[in-house]
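Scroll down for the structure; my scribbles are underneath it.
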Amino acid sequence: MSLLPALRELLGPSALLTAPADVAPFLTDHRGLYRGRALAVALPASTEEVSRVLALCNERRIGVVPHGGNTSYCGGATPDASGSELVLSLRRLNRIRAVDARDDSLIAEAGCVLADVQRAADGAERFFPLSLGAEGSCQIGGNLSTNAGGTNVLRYGMMRDLVLGLEVVLADGRTLAGLSTLRKDNTGYDVKALFLGAEGTLGVITAASLRLFPKPRSIGTALAAVPDVRSAVGLLAMMREASGDRVSSFELVPRIALELVLRHVPDVRDPLDRGHPWYVLCELTSARPGDALDGVLEQALAAASEDGLVLDATIAQNERERAALWKLRETIPEAQRRDGAGLKHDISVPVASLPEFVAEAGAWVAAHVPEGRLVAYGHVGDGNLHFNLNQAPGTDAQRLLAREADVKRAIHDLVHAFRGSFSAEHGIGRLKVAELERYASPVELDLMRAVKRAFDPHGILNPGKVLAP
């Protein structure tokens, strides 16, 4: 029996999409960088069905592209142009299998939307801390496969740090049933760690045991204007010490980013009386109700002001004001898109090196890219910046886009010189395969290729992603 009839028999006719209009949404990535073709889109509803699909495709050497919420910035879930690959959508695997408040754990299937996992935790009076701009549409499987970051990494870590166990279907259809909720388990290699950040190239994650935390009962949020990035880094250290390390988010926002938001996003306002070169959005959280976090913020900001680290600040007095401050940060990507063409870089350097990196890289952009304006913002608490260039006023978009290759090379070479990463939280996908080949050491690449061969000897899992063919 040929592949499509066999899949239709396996899954049922409604769970195999072949009509062009039905398949089309799975063929273009979130940013519109890639457009592919596919044999079909399979929508299994259980781990057993995923297992049978992969076994069938492995036997026939058919490439399989796992697909989640399609929010990847790097084309990690888009098939190639050959039309020979099967897209495997996990959206029907969307059950919360268990929530255990006493164990501070939750088991979610890969197709669960992140916001639904957050709500399930909240319903058990617990907190799942992964927070992303795409949390209303991204799926847990994709978060796991890209080792997602977000705004709470400083306090809670990356997605890798929030995982206790995984259920994964391997290329040949075997299932790794590893949904443990143990915090301590030193029984050999940590096999699950290999799948986190592997972007579906080693196996298809179908469910995960996730860590939960006490629900924040007190929150303090402030926006502080600072004279430069060095002051922001100094303020971070001061705030962590003053708060007893209760800083959960510490976001850097340049004036140009705030101006883009004010120009393009409705229902926002400048929270301070006048403009400043840089801002930080700082949030403290505590599981104890009634903790006077606003007072902690006020005292720390006053001390920082005396030291010249803070120029002005405002503290949110209620949830409405807190949401308004966060809207200024969270809508920067939207404002950039509305403003015109852009070049994006998802980089990280050691936190202490941020001031020097921004100064050196910013000077290079100013001297060599008249078509672009630097918009560098992000998670200063963990050294991750979205080092983006937006189309300069009065310039042609295509002129800026034509500079992408040489701009990327200069920025990424500088990141490498600072011992940083060219892919802090968005993964490799198709977009950065050549970058990984350029910057990873030969030993790292050899080990990665050996792992790939061991887990997927026929190369059917997400071909062309992460590692070069």
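Starting from 1 in every chain, residues are counted up; chains themselves are A, B, ... following the order of the structure tokens, and ligands are numbered from 1 as listed.
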Next item on the list: From the DSSP assignment of the backbone, select every residue of region 1-222 of chain A that is strand (DSSP E or B), and format the answer as a PyMOL selection string.
Entry: chain A and resi 16-17+28+35+40-42+64-67+86-89+96-100+105-109+113+126-127+139+163-169+175-178+204-211+213-214+218-222
Note to self: Just want the 10 Å neighbourhood of Val191 (chain A), counted on only C-alpha atoms, with same-chain residues fewer than 5 positions away dropped. Output as a PyMOL selection string.
What the structure shows: chain A and resi 165-166+176+178+196
Next item on the list: Could you give me, as a PyMOL selection string, the residues within 12 Å of region 299-315 of chain A, counting only C-alpha atoms and dropping anything in the same chain fewer than 5 positions from it?
Entry: chain A and resi 219-244+270-284+292-294+320-325
Using only C-alpha atoms, what does the table of region 253-364 of chain A residues within 12 Å of region 17-36 of chain A look like, with each row giving the shortest atom pair and its distance in Å to one decimal, sorted by chain and ascending number, as JSON lines?
```
{"residue": "A:Pro333", "atom": "CA", "partner": "A:Arg31", "partner_atom": "CA", "distance": 11.5}
{"residue": "A:Glu334", "atom": "CA", "partner": "A:Arg31", "partner_atom": "CA", "distance": 11.9}
{"residue": "A:Arg337", "atom": "CA", "partner": "A:Arg31", "partner_atom": "CA", "distance": 10.2}
{"residue": "A:Ala341", "atom": "CA", "partner": "A:Arg31", "partner_atom": "CA", "distance": 11.8}
{"residue": "A:Gly342", "atom": "CA", "partner": "A:Arg31", "partner_atom": "CA", "distance": 11.4}
{"residue": "A:Leu343", "atom": "CA", "partner": "A:Arg31", "partner_atom": "CA", "distance": 11.7}
{"residue": "A:Lys344", "atom": "CA", "partner": "A:Arg31", "partner_atom": "CA", "distance": 11.0}
```
Next, the residues of the selection above should be written as a PDB file, in the first residue's frame with N, CA and C atoms.
```
ATOM      1  N   PRO A 333       8.233  43.995  19.198  1.00  0.00           N
ATOM      2  CA  PRO A 333       8.291  43.313  17.900  1.00  0.00           C
ATOM      3  C   PRO A 333       7.185  43.749  16.949  1.00  0.00           C
ATOM      4  N   GLU A 334       5.978  43.916  17.461  1.00  0.00           N
ATOM      5  CA  GLU A 334       4.864  44.381  16.626  1.00  0.00           C
ATOM      6  C   GLU A 334       5.147  45.774  16.069  1.00  0.00           C
ATOM      7  N   ARG A 337       7.656  45.629  13.242  1.00  0.00           N
ATOM      8  CA  ARG A 337       7.072  45.153  11.983  1.00  0.00           C
ATOM      9  C   ARG A 337       6.292  46.262  11.295  1.00  0.00           C
ATOM     10  N   ALA A 341      10.917  47.362   7.206  1.00  0.00           N
ATOM     11  CA  ALA A 341      11.765  46.174   7.122  1.00  0.00           C
ATOM     12  C   ALA A 341      12.769  46.148   8.262  1.00  0.00           C
ATOM     13  N   GLY A 342      13.251  44.943   8.583  1.00  0.00           N
ATOM     14  CA  GLY A 342      14.213  44.830   9.665  1.00  0.00           C
ATOM     15  C   GLY A 342      15.113  43.619   9.519  1.00  0.00           C
ATOM     16  N   LEU A 343      16.241  43.669  10.202  1.00  0.00           N
ATOM     17  CA  LEU A 343      17.165  42.555  10.308  1.00  0.00           C
ATOM     18  C   LEU A 343      17.238  42.159  11.779  1.00  0.00           C
ATOM     19  N   LYS A 344      17.112  40.858  12.059  1.00  0.00           N
ATOM     20  CA  LYS A 344      17.004  40.400  13.439  1.00  0.00           C
ATOM     21  C   LYS A 344      18.200  39.534  13.830  1.00  0.00           C
TER      22      LYS A 344
END
```
Neighbours of Ala402 (chain A) within 12 Å (only C-alpha atoms; same-chain residues fewer than 2 positions away dropped), as a CSV table (one decimal) with C-alpha atoms, in the first residue's frame?
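Below is the file selection-v4.csv, written as the result:
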```
chain,number,residue,atom,x,y,z
A,341,ALA,CA,11.8,46.2,7.1
A,342,GLY,CA,14.2,44.8,9.7
A,343,LEU,CA,17.2,42.6,10.3
A,369,VAL,CA,24.7,50.5,7.9
A,371,GLU,CA,20.1,52.1,5.8
A,372,GLY,CA,19.3,50.8,9.3
A,391,GLN,CA,14.7,50.4,8.2
A,396,ASP,CA,14.4,51.8,0.7
A,397,ALA,CA,13.5,48.5,2.5
A,398,GLN,CA,15.3,46.4,-0.1
A,399,ARG,CA,18.6,48.3,0.5
A,400,LEU,CA,18.5,47.2,4.1
A,404,GLU,CA,21.6,41.0,5.7
A,405,ALA,CA,24.5,38.7,5.0
A,406,ASP,CA,27.3,41.1,5.7
A,407,VAL,CA,25.5,42.6,8.7
A,408,LYS,CA,24.9,39.2,10.2
```
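Minimum atom-to-atom distance to Glu330 (chain A), evaluated using only C-alpha atoms, belongs to A:His379 out of A:Arg126, A:His379, A:Arg8, A:Arg288.
In this comparison, which uses only C-alpha atoms, the residue of A:Ile460, A:Met448, A:Val153, A:Leu4 approaching Gly63 (chain A) most closely is A:Ile460.
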